[in-house]
Amino acid sequence: MGLVVTDVSKSFPSGHGIKPVLQNVTFESKDNEFVCVLGHSGCGKSTLLNMIAGFASPDDGFMTVNGEQINGPDQERGVVFQEHALFPWYTVLENIALGPTFQGKSKEESQQIAKKYLALVNLEDAANQYPSQLSGGMKQRVGIARALANEPKILLMDEPFGALDILTRETMRKELLNIWMHLRTMVVFVTHSIAEAVHLADRILVMKQGEIASNIEVHLDRPRDAKHPQFLSLVDELSSILIEEKART
Amino acid sequence: MTVGTNEKLSLKNSKTSPFLTTERKDSLSRMITIAGFFALWQIIGMINAHFEWFNPTFLPTPVDVLGAALHLHDQGVLFTHIWSSTWRLGVGFILGVVIAVVLAFLIAKVKFVQNALEPLINVIGPIPPFALLPIFIIWMGVGELSKLTLITYATAIPMIAYTVDGIRNVNPLLVRSALSLGANQWQVFKSVILPSALPPIFVGMRVTLAISFSAMVVAEMIGAFSGLGYLIIDSRNFFQMDNMFLAAALIGVLYSIFALILSFIEKRLFKWRQGTQMNDAISK
Ligand SMILES: Nc1ncnc2c1ncn2[C@@H]1O[C@H](COP(=O)(O)OP(=O)(O)O)[C@@H](O)[C@H]1O
Ligand SMILES: [Mg+2]
């Protein structure tokens, strides 16, 4: 069943008229699939992800998860934000335990779950620190652990590594892949980095000006080698699609 | 509002650091300043008493003021006055803050309450609360009720603005984040809105404390029979300058104690803010 997005359109009021941001977006993704939404900034990636998260609703079209219409935010769809959005007044452990607590689990049980996911992202040492005391990469790991602690059906990630330096970014990408291989939760991952998408995705949705220009399945074995000819040819293919868009605008 | 600035200055260095030496030096120089101030006052008062440039009763020395305190203590009224002022301020201030916070949350959450209250506050709020005291007295008599009402009212009006502002400035990303974690309305309030509104509420409390104190003193100056404000008025009638100085000094001390309690609670509550404020920009 998985996630089904059918003919979704969305526009925002801008100046005098309205500005179409998404047009007839249609795709499906299976449970356990790692989906990357790839596109230039401003093409509507966040808008799409926010609608899947339930923060906004489409003007037209349908979005369903396992056959059920998306209707507002829900713990079955965990979100990792680029700006991490951790609660500054809670410690790392408390942040991660929050989801289970909201679900009505006892304090001890929530902490137990939080510790498990803290270990998953290798941050046991930071359990009692506050977010302001963490580096950017650590904050994102906490963000991932917090979203996973609810055992969501889908993990939504909006350029989660966009604010990190290149080295941290690469480490985080590898760690995310390890976690995903372990849990196999469906991930919808927004990025503007072609290499990141090719490293991570089972399916790449290339977005051009609010439309899905290309829906490509990737069958390379993981972990992927950036020097592998198939990797390189896919990168070439994607950049030509994206650059073509540039030429048109 | 000089008391307000004093308090801000002392807050600046309230951060505990492992380098105690600089902090010790700071507090030593502070103590020297204060001791110097009193010494100078004492000396000028004594010189004036000797040469009589002006009537010495106009400028009692610190020793005279201490004498006045002992005298009032012997009469058994010193602590009655201090206690009256303390509990009036404490009760009025806390009531004012609680009422303001509750109203502010209703204003921010319930459109109907907002439409009903906000215009009213905009019309009545700008009237200095002290102008209303005689009205309160006629309505409620000269007893405690009118005084508490004034202090509560003077506290609540500015506190509502601070709290509403705090609630409206909650980061929407954090609200989204909580909703995606499955929070219900009450959990969003408890885990996101309240904690992020608390710092501005405390800023409001620190600023408003000075207003509450003014309200307390004014209320005690008009139709009261105890309290430090009453002591000033009563002593004026008998030209007891030393008592008036004493009362003013005690009001200052009382304010400092309340401000200290506030900043102590703040420090305990906002541990998470360490390293996120301007004073943390450069550490030596
Ligand atoms: N709430 C909004 N109101 C008006 N315009 C918006 C809003 N959100 C997004 N947009 C516009 O929609 C376009 C796509 O935005 P976004 O989805 O954030 O792009 P991306 O995430 O791909 O960079 C942008 O041109 C942006 O200005
Ligand atoms: Mg975006």
# chains A, B, ... in the order shown; residues from 1 in each chain; ligands from 1

call {"tool": "closest_atom_pairs", "arguments": {"of": "chain A", "to": "ligand 2", "cutoff": "12 Å", "atoms": "only C-alpha atoms and all ligand atoms", "output": "JSON lines"}}
result
{"residue": "A:Val37", "atom": "CA", "partner": "ligand 2", "partner_atom_place_in_ligand_line": "1 (Mg)", "distance": 10.6}
{"residue": "A:Leu38", "atom": "CA", "partner": "ligand 2", "partner_atom_place_in_ligand_line": "1 (Mg)", "distance": 10.6}
{"residue": "A:Gly39", "atom": "CA", "partner": "ligand 2", "partner_atom_place_in_ligand_line": "1 (Mg)", "distance": 9.6}
{"residue": "A:His40", "atom": "CA", "partner": "ligand 2", "partner_atom_place_in_ligand_line": "1 (Mg)", "distance": 9.2}
{"residue": "A:Ser41", "atom": "CA", "partner": "ligand 2", "partner_atom_place_in_ligand_line": "1 (Mg)", "distance": 6.4}
{"residue": "A:Gly42", "atom": "CA", "partner": "ligand 2", "partner_atom_place_in_ligand_line": "1 (Mg)", "distance": 6.8}
{"residue": "A:Cys43", "atom": "CA", "partner": "ligand 2", "partner_atom_place_in_ligand_line": "1 (Mg)", "distance": 8.3}
{"residue": "A:Gly44", "atom": "CA", "partner": "ligand 2", "partner_atom_place_in_ligand_line": "1 (Mg)", "distance": 7.1}
{"residue": "A:Lys45", "atom": "CA", "partner": "ligand 2", "partner_atom_place_in_ligand_line": "1 (Mg)", "distance": 5.7}
{"residue": "A:Ser46", "atom": "CA", "partner": "ligand 2", "partner_atom_place_in_ligand_line": "1 (Mg)", "distance": 4.2}
{"residue": "A:Thr47", "atom": "CA", "partner": "ligand 2", "partner_atom_place_in_ligand_line": "1 (Mg)", "distance": 7.4}
{"residue": "A:Leu48", "atom": "CA", "partner": "ligand 2", "partner_atom_place_in_ligand_line": "1 (Mg)", "distance": 9.3}
{"residue": "A:Leu49", "atom": "CA", "partner": "ligand 2", "partner_atom_place_in_ligand_line": "1 (Mg)", "distance": 8.8}
{"residue": "A:Asn50", "atom": "CA", "partner": "ligand 2", "partner_atom_place_in_ligand_line": "1 (Mg)", "distance": 9.6}
{"residue": "A:Phe81", "atom": "CA", "partner": "ligand 2", "partner_atom_place_in_ligand_line": "1 (Mg)", "distance": 9.9}
{"residue": "A:Gln82", "atom": "CA", "partner": "ligand 2", "partner_atom_place_in_ligand_line": "1 (Mg)", "distance": 8.6}
{"residue": "A:Glu83", "atom": "CA", "partner": "ligand 2", "partner_atom_place_in_ligand_line": "1 (Mg)", "distance": 11.0}
{"residue": "A:Met157", "atom": "CA", "partner": "ligand 2", "partner_atom_place_in_ligand_line": "1 (Mg)", "distance": 10.4}
{"residue": "A:Asp158", "atom": "CA", "partner": "ligand 2", "partner_atom_place_in_ligand_line": "1 (Mg)", "distance": 6.6}
{"residue": "A:Glu159", "atom": "CA", "partner": "ligand 2", "partner_atom_place_in_ligand_line": "1 (Mg)", "distance": 7.0}
{"residue": "A:Pro160", "atom": "CA", "partner": "ligand 2", "partner_atom_place_in_ligand_line": "1 (Mg)", "distance": 10.1}
{"residue": "A:Phe161", "atom": "CA", "partner": "ligand 2", "partner_atom_place_in_ligand_line": "1 (Mg)", "distance": 12.0}
{"residue": "A:Gly162", "atom": "CA", "partner": "ligand 2", "partner_atom_place_in_ligand_line": "1 (Mg)", "distance": 9.7}
{"residue": "A:Ala163", "atom": "CA", "partner": "ligand 2", "partner_atom_place_in_ligand_line": "1 (Mg)", "distance": 11.9}
{"residue": "A:Phe189", "atom": "CA", "partner": "ligand 2", "partner_atom_place_in_ligand_line": "1 (Mg)", "distance": 11.1}
{"residue": "A:Val190", "atom": "CA", "partner": "ligand 2", "partner_atom_place_in_ligand_line": "1 (Mg)", "distance": 7.8}
{"residue": "A:Thr191", "atom": "CA", "partner": "ligand 2", "partner_atom_place_in_ligand_line": "1 (Mg)", "distance": 8.3}
{"residue": "A:His192", "atom": "CA", "partner": "ligand 2", "partner_atom_place_in_ligand_line": "1 (Mg)", "distance": 9.0}

call {"tool": "residues_around", "arguments": {"residues": "segment 32-47 of chain B", "least_positions_apart": "4", "cutoff": "7 Å", "atoms": "only C-alpha atoms", "output": "list in words"}}
result
Leu28, Phe51, Leu59, Pro60, Thr61 and Pro62 of chain B

call {"tool": "interface_residues", "arguments": {"of": "chain B", "to": "chain A", "cutoff": "6 Å", "atoms": "only C-alpha atoms", "output": "VMD selection string"}}
result
chain B and resid 174 179 to 183 272

call {"tool": "write_last_selection", "arguments": {"atoms": "N, CA, C and O atoms", "output": "short mmCIF file (atom, residue, chain, number, x, y, z; two decimals), in the first residue's frame"}}
result
data_model
loop_
_atom_site.label_atom_id
_atom_site.label_comp_id
_atom_site.auth_asym_id
_atom_site.auth_seq_id
_atom_site.Cartn_x
_atom_site.Cartn_y
_atom_site.Cartn_z
N LEU B 174 8.29 24.52 16.20
CA LEU B 174 8.24 23.66 17.38
C LEU B 174 6.83 23.11 17.59
O LEU B 174 6.66 21.97 18.04
N LEU B 179 3.27 18.39 17.10
CA LEU B 179 2.10 17.75 16.49
C LEU B 179 2.49 16.48 15.75
O LEU B 179 1.78 15.46 15.81
N SER B 180 3.63 16.52 15.07
CA SER B 180 4.08 15.33 14.34
C SER B 180 4.48 14.21 15.29
O SER B 180 4.54 13.05 14.89
N LEU B 181 4.81 14.58 16.51
CA LEU B 181 5.13 13.55 17.50
C LEU B 181 3.86 13.02 18.16
O LEU B 181 3.93 12.20 19.06
N GLY B 182 2.72 13.52 17.71
CA GLY B 182 1.46 12.99 18.20
C GLY B 182 0.89 13.73 19.40
O GLY B 182 0.05 13.19 20.11
N ALA B 183 1.34 14.97 19.62
CA ALA B 183 0.85 15.72 20.78
C ALA B 183 -0.59 16.18 20.56
O ALA B 183 -0.96 16.55 19.45
N TRP B 272 18.41 25.53 30.71
CA TRP B 272 18.62 25.22 29.29
C TRP B 272 19.10 26.41 28.49
O TRP B 272 19.56 26.28 27.37
#

call {"tool": "residues_around", "arguments": {"residues": "Glu196 of chain A", "least_positions_apart": "5", "cutoff": "9 Å", "atoms": "only C-alpha atoms", "output": "VMD selection string"}}
result
chain A and resid 36 170 173 191 201

call {"tool": "select_by_dssp", "arguments": {"residues": "segment 186-282 of chain B", "states": "alpha helix (DSSP H)", "output": "MDAnalysis selection string"}}
result
chainID B and resid 186:188 194:221 228:237 241:269

call {"tool": "write_last_selection", "arguments": {"atoms": "C-alpha atoms", "output": "mmCIF file, in the first residue's frame"}}
result
data_model
loop_
_atom_site.group_PDB
_atom_site.id
_atom_site.type_symbol
_atom_site.label_atom_id
_atom_site.label_comp_id
_atom_site.auth_asym_id
_atom_site.auth_seq_id
_atom_site.Cartn_x
_atom_site.Cartn_y
_atom_site.Cartn_z
ATOM 1 C CA TRP B 186 -2.969 20.144 25.948
ATOM 2 C CA GLN B 187 0.411 18.493 25.316
ATOM 3 C CA VAL B 188 1.327 21.206 22.805
ATOM 4 C CA LEU B 194 4.202 27.358 28.114
ATOM 5 C CA PRO B 195 7.967 26.730 28.202
ATOM 6 C CA SER B 196 8.633 29.108 25.337
ATOM 7 C CA ALA B 197 6.421 31.812 26.840
ATOM 8 C CA LEU B 198 8.080 31.541 30.264
ATOM 9 C CA PRO B 199 11.216 33.584 29.501
ATOM 10 C CA PRO B 200 9.205 36.617 28.278
ATOM 11 C CA ILE B 201 6.871 36.143 31.256
ATOM 12 C CA PHE B 202 9.871 36.424 33.552
ATOM 13 C CA VAL B 203 11.150 39.494 31.719
ATOM 14 C CA GLY B 204 7.695 40.948 32.308
ATOM 15 C CA MET B 205 7.799 40.018 35.975
ATOM 16 C CA ARG B 206 11.167 41.705 36.478
ATOM 17 C CA VAL B 207 9.968 44.917 34.835
ATOM 18 C CA THR B 208 6.566 44.830 36.467
ATOM 19 C CA LEU B 209 7.980 44.280 39.940
ATOM 20 C CA ALA B 210 9.025 47.947 40.025
ATOM 21 C CA ILE B 211 5.482 49.004 39.105
ATOM 22 C CA SER B 212 4.020 46.725 41.775
ATOM 23 C CA PHE B 213 6.318 48.284 44.342
ATOM 24 C CA SER B 214 5.229 51.788 43.372
ATOM 25 C CA ALA B 215 1.623 50.663 43.665
ATOM 26 C CA MET B 216 2.309 49.203 47.102
ATOM 27 C CA VAL B 217 3.947 52.418 48.367
ATOM 28 C CA VAL B 218 1.234 54.664 46.925
ATOM 29 C CA ALA B 219 -1.517 52.474 48.344
ATOM 30 C CA GLU B 220 0.082 52.600 51.772
ATOM 31 C CA MET B 221 0.482 56.355 51.611
ATOM 32 C CA LEU B 228 6.565 51.260 54.776
ATOM 33 C CA GLY B 229 4.604 53.707 52.615
ATOM 34 C CA TYR B 230 2.517 54.569 55.683
ATOM 35 C CA LEU B 231 5.706 55.005 57.704
ATOM 36 C CA ILE B 232 6.923 57.654 55.237
ATOM 37 C CA ILE B 233 3.678 59.623 55.345
ATOM 38 C CA ASP B 234 3.321 59.267 59.103
ATOM 39 C CA SER B 235 6.905 60.405 59.682
ATOM 40 C CA ARG B 236 6.440 63.353 57.355
ATOM 41 C CA ASN B 237 3.652 64.591 59.558
ATOM 42 C CA MET B 241 13.474 62.579 58.449
ATOM 43 C CA ASP B 242 15.401 59.616 59.818
ATOM 44 C CA ASN B 243 12.274 57.438 59.742
ATOM 45 C CA MET B 244 11.559 58.532 56.187
ATOM 46 C CA PHE B 245 15.071 57.608 55.091
ATOM 47 C CA LEU B 246 14.725 54.326 56.924
ATOM 48 C CA ALA B 247 11.444 53.493 55.190
ATOM 49 C CA ALA B 248 12.867 54.376 51.766
ATOM 50 C CA ALA B 249 15.931 52.228 52.409
ATOM 51 C CA LEU B 250 13.789 49.316 53.579
ATOM 52 C CA ILE B 251 11.658 49.566 50.445
ATOM 53 C CA GLY B 252 14.884 49.340 48.440
ATOM 54 C CA VAL B 253 16.029 46.306 50.417
ATOM 55 C CA LEU B 254 12.646 44.627 50.053
ATOM 56 C CA TYR B 255 12.717 45.220 46.306
ATOM 57 C CA SER B 256 16.177 43.708 46.057
ATOM 58 C CA ILE B 257 15.032 40.637 47.954
ATOM 59 C CA PHE B 258 12.040 40.131 45.673
ATOM 60 C CA ALA B 259 14.228 40.668 42.603
ATOM 61 C CA LEU B 260 16.748 38.156 43.952
ATOM 62 C CA ILE B 261 14.039 35.564 44.507
ATOM 63 C CA LEU B 262 12.858 36.111 40.938
ATOM 64 C CA SER B 263 16.305 35.724 39.436
ATOM 65 C CA PHE B 264 16.910 32.662 41.597
ATOM 66 C CA ILE B 265 13.753 31.000 40.261
ATOM 67 C CA GLU B 266 14.736 32.071 36.767
ATOM 68 C CA LYS B 267 18.155 30.494 37.083
ATOM 69 C CA ARG B 268 16.667 27.205 38.218
ATOM 70 C CA LEU B 269 13.985 27.262 35.541
#

call {"tool": "residues_around", "arguments": {"residues": "Ala195 of chain A", "least_positions_apart": "4", "cutoff": "9 Å", "atoms": "only C-alpha atoms", "output": "list in words"}}
result
His199, Leu200, Ala226, Phe231 and Val235 of chain A

call {"tool": "write_last_selection", "arguments": {"atoms": "all heavy atoms", "output": "compact mmCIF listing (two decimals), in the first residue's frame"}}
result
# COMPACT_ATOMS: atom_id res chain seq x y z
N HIS A 199 23.24 8.30 -3.64
CA HIS A 199 23.76 7.47 -2.55
C HIS A 199 22.64 6.79 -1.78
O HIS A 199 22.76 5.64 -1.36
CB HIS A 199 24.57 8.33 -1.58
CG HIS A 199 26.04 8.33 -1.87
ND1 HIS A 199 26.82 7.21 -1.77
CD2 HIS A 199 26.87 9.32 -2.26
CE1 HIS A 199 28.06 7.50 -2.08
NE2 HIS A 199 28.12 8.79 -2.39
N LEU A 200 21.55 7.52 -1.56
CA LEU A 200 20.55 7.07 -0.60
C LEU A 200 19.36 6.32 -1.20
O LEU A 200 18.87 5.35 -0.63
CB LEU A 200 20.00 8.28 0.18
CG LEU A 200 20.95 8.94 1.18
CD1 LEU A 200 20.36 10.26 1.65
CD2 LEU A 200 21.20 8.02 2.35
N ALA A 226 30.77 5.92 -5.17
CA ALA A 226 30.59 7.11 -6.02
C ALA A 226 31.39 7.03 -7.31
O ALA A 226 31.20 7.85 -8.20
CB ALA A 226 30.95 8.37 -5.24
N PHE A 231 26.74 4.50 -11.02
CA PHE A 231 26.52 5.65 -10.15
C PHE A 231 26.75 6.93 -10.95
O PHE A 231 25.91 7.84 -10.97
CB PHE A 231 27.50 5.57 -8.96
CG PHE A 231 27.24 6.56 -7.86
CD1 PHE A 231 26.68 6.16 -6.65
CD2 PHE A 231 27.55 7.91 -8.02
CE1 PHE A 231 26.44 7.07 -5.64
CE2 PHE A 231 27.32 8.82 -7.01
CZ PHE A 231 26.77 8.39 -5.82
N VAL A 235 24.18 9.97 -12.05
CA VAL A 235 24.44 11.37 -11.69
C VAL A 235 24.35 12.24 -12.95
O VAL A 235 23.73 13.32 -12.94
CB VAL A 235 25.82 11.52 -11.01
CG1 VAL A 235 26.21 13.00 -10.89
CG2 VAL A 235 25.82 10.86 -9.64

call {"tool": "residues_around", "arguments": {"residues": "segment 137-147 of chain B", "least_positions_apart": "2", "cutoff": "10 Å", "atoms": "only C-alpha atoms", "output": "PyMOL selection string"}}
result
chain B and resi 84+88-89+92+132-135+149-153+215-220+222-225

call {"tool": "write_last_selection", "arguments": {"atoms": "N, CA, C and O atoms", "output": "tab-separated table (two decimals), in the first residue's frame"}}
result
chain	number	residue	atom	x	y	z
B	84	SER	N	3.76	44.04	56.81
B	84	SER	CA	2.57	44.51	56.07
B	84	SER	C	2.90	44.73	54.60
B	84	SER	O	2.20	44.26	53.70
B	88	ARG	N	1.54	42.34	51.44
B	88	ARG	CA	0.71	43.03	50.45
B	88	ARG	C	1.34	42.90	49.07
B	88	ARG	O	0.68	42.55	48.09
B	89	LEU	N	2.64	43.19	49.02
B	89	LEU	CA	3.29	43.11	47.72
B	89	LEU	C	3.29	41.67	47.20
B	89	LEU	O	2.96	41.42	46.04
B	92	GLY	N	-0.32	40.65	46.19
B	92	GLY	CA	-0.79	41.43	45.04
B	92	GLY	C	-0.02	41.08	43.77
B	92	GLY	O	-0.61	40.90	42.70
B	132	LEU	N	-6.49	55.43	39.77
B	132	LEU	CA	-7.71	54.72	40.10
B	132	LEU	C	-7.86	54.44	41.59
B	132	LEU	O	-8.92	54.02	42.05
B	133	LEU	N	-6.77	54.66	42.35
B	133	LEU	CA	-6.80	54.29	43.77
B	133	LEU	C	-7.95	54.92	44.53
B	133	LEU	O	-8.68	54.22	45.25
B	134	PRO	N	-8.17	56.24	44.40
B	134	PRO	CA	-9.30	56.83	45.14
B	134	PRO	C	-10.62	56.16	44.80
B	134	PRO	O	-11.47	55.95	45.67
B	135	ILE	N	-10.78	55.78	43.52
B	135	ILE	CA	-12.01	55.09	43.13
B	135	ILE	C	-12.10	53.75	43.83
B	135	ILE	O	-13.15	53.38	44.39
B	149	THR	N	-6.15	45.29	45.51
B	149	THR	CA	-6.68	45.46	44.16
B	149	THR	C	-5.76	46.34	43.33
B	149	THR	O	-5.46	46.04	42.18
B	150	LEU	N	-5.29	47.43	43.95
B	150	LEU	CA	-4.41	48.33	43.19
B	150	LEU	C	-3.13	47.62	42.78
B	150	LEU	O	-2.72	47.68	41.61
B	151	ILE	N	-2.50	46.92	43.72
B	151	ILE	CA	-1.24	46.24	43.40
B	151	ILE	C	-1.48	45.17	42.33
B	151	ILE	O	-0.74	45.07	41.34
B	152	THR	N	-2.55	44.38	42.51
B	152	THR	CA	-2.85	43.32	41.55
B	152	THR	C	-3.11	43.92	40.17
B	152	THR	O	-2.58	43.45	39.17
B	153	TYR	N	-3.91	44.97	40.15
B	153	TYR	CA	-4.27	45.60	38.88
B	153	TYR	C	-3.03	46.18	38.19
B	153	TYR	O	-2.79	45.95	37.01
B	215	ALA	N	3.04	50.78	43.30
B	215	ALA	CA	1.62	50.66	43.66
B	215	ALA	C	1.50	50.39	45.16
B	215	ALA	O	0.64	50.97	45.84
B	216	MET	N	2.36	49.53	45.67
B	216	MET	CA	2.31	49.20	47.10
B	216	MET	C	2.56	50.46	47.94
B	216	MET	O	1.81	50.76	48.86
B	217	VAL	N	3.60	51.23	47.58
B	217	VAL	CA	3.95	52.42	48.37
B	217	VAL	C	2.81	53.45	48.29
B	217	VAL	O	2.38	53.99	49.31
B	218	VAL	N	2.31	53.67	47.08
B	218	VAL	CA	1.23	54.66	46.93
B	218	VAL	C	0.00	54.24	47.73
B	218	VAL	O	-0.60	55.03	48.45
B	219	ALA	N	-0.33	52.95	47.63
B	219	ALA	CA	-1.52	52.47	48.34
B	219	ALA	C	-1.36	52.65	49.85
B	219	ALA	O	-2.31	52.98	50.55
B	220	GLU	N	-0.13	52.47	50.32
B	220	GLU	CA	0.08	52.60	51.77
B	220	GLU	C	0.14	54.06	52.21
B	220	GLU	O	-0.02	54.37	53.38
B	222	ILE	N	-1.88	56.32	51.11
B	222	ILE	CA	-3.24	56.83	51.18
B	222	ILE	C	-4.09	55.86	51.99
B	222	ILE	O	-4.29	54.71	51.58
B	223	GLY	N	-4.53	56.29	53.12
B	223	GLY	CA	-5.47	55.50	53.91
B	223	GLY	C	-4.96	54.15	54.33
B	223	GLY	O	-5.57	53.13	54.04
B	224	ALA	N	-3.78	54.13	55.00
B	224	ALA	CA	-3.33	52.86	55.57
B	224	ALA	C	-2.82	53.14	56.97
B	224	ALA	O	-2.59	54.30	57.34
B	225	PHE	N	-2.67	52.11	57.76
B	225	PHE	CA	-2.19	52.32	59.13
B	225	PHE	C	-0.98	51.46	59.42
B	225	PHE	O	-0.57	51.31	60.55

call {"tool": "closest_residue", "arguments": {"among": "A:Asn32, A:Ser214, A:Gln230, A:Ser57", "to": "ligand 1", "atoms": "only C-alpha atoms and all ligand atoms"}}
result
A:Ser57

call {"tool": "residues_around", "arguments": {"residues": "segment 236-238 of chain A", "least_positions_apart": "4", "cutoff": "9 Å", "atoms": "only C-alpha atoms", "output": "PyMOL selection string"}}
result
chain A and resi 194+206+214+231-232+242-243

call {"tool": "closest_residue", "arguments": {"among": "B:Thr86, B:Phe136, B:Ile127, B:Ala156", "to": "Val98 of chain B", "atoms": "only C-alpha atoms"}}
result
B:Ala156

call {"tool": "closest_residue", "arguments": {"among": "B:Asn115, B:Val123, B:Val102, B:Ala131", "to": "Val164 of chain B", "atoms": "only C-alpha atoms"}}
result
B:Val102

call {"tool": "select_by_dssp", "arguments": {"residues": "segment 35-245 of chain A", "states": "strand (DSSP E or B)", "output": "VMD selection string"}}
result
chain A and resid 35 to 38 60 to 65 68 to 69 77 to 80 154 to 158 186 to 191 203 to 208 211 to 217

call {"tool": "atom_distance", "arguments": {"atom1": "atom CA of Asp221 of chain A", "atom2": "atom CA of Asn178 of chain A"}}
result
13.3 Å
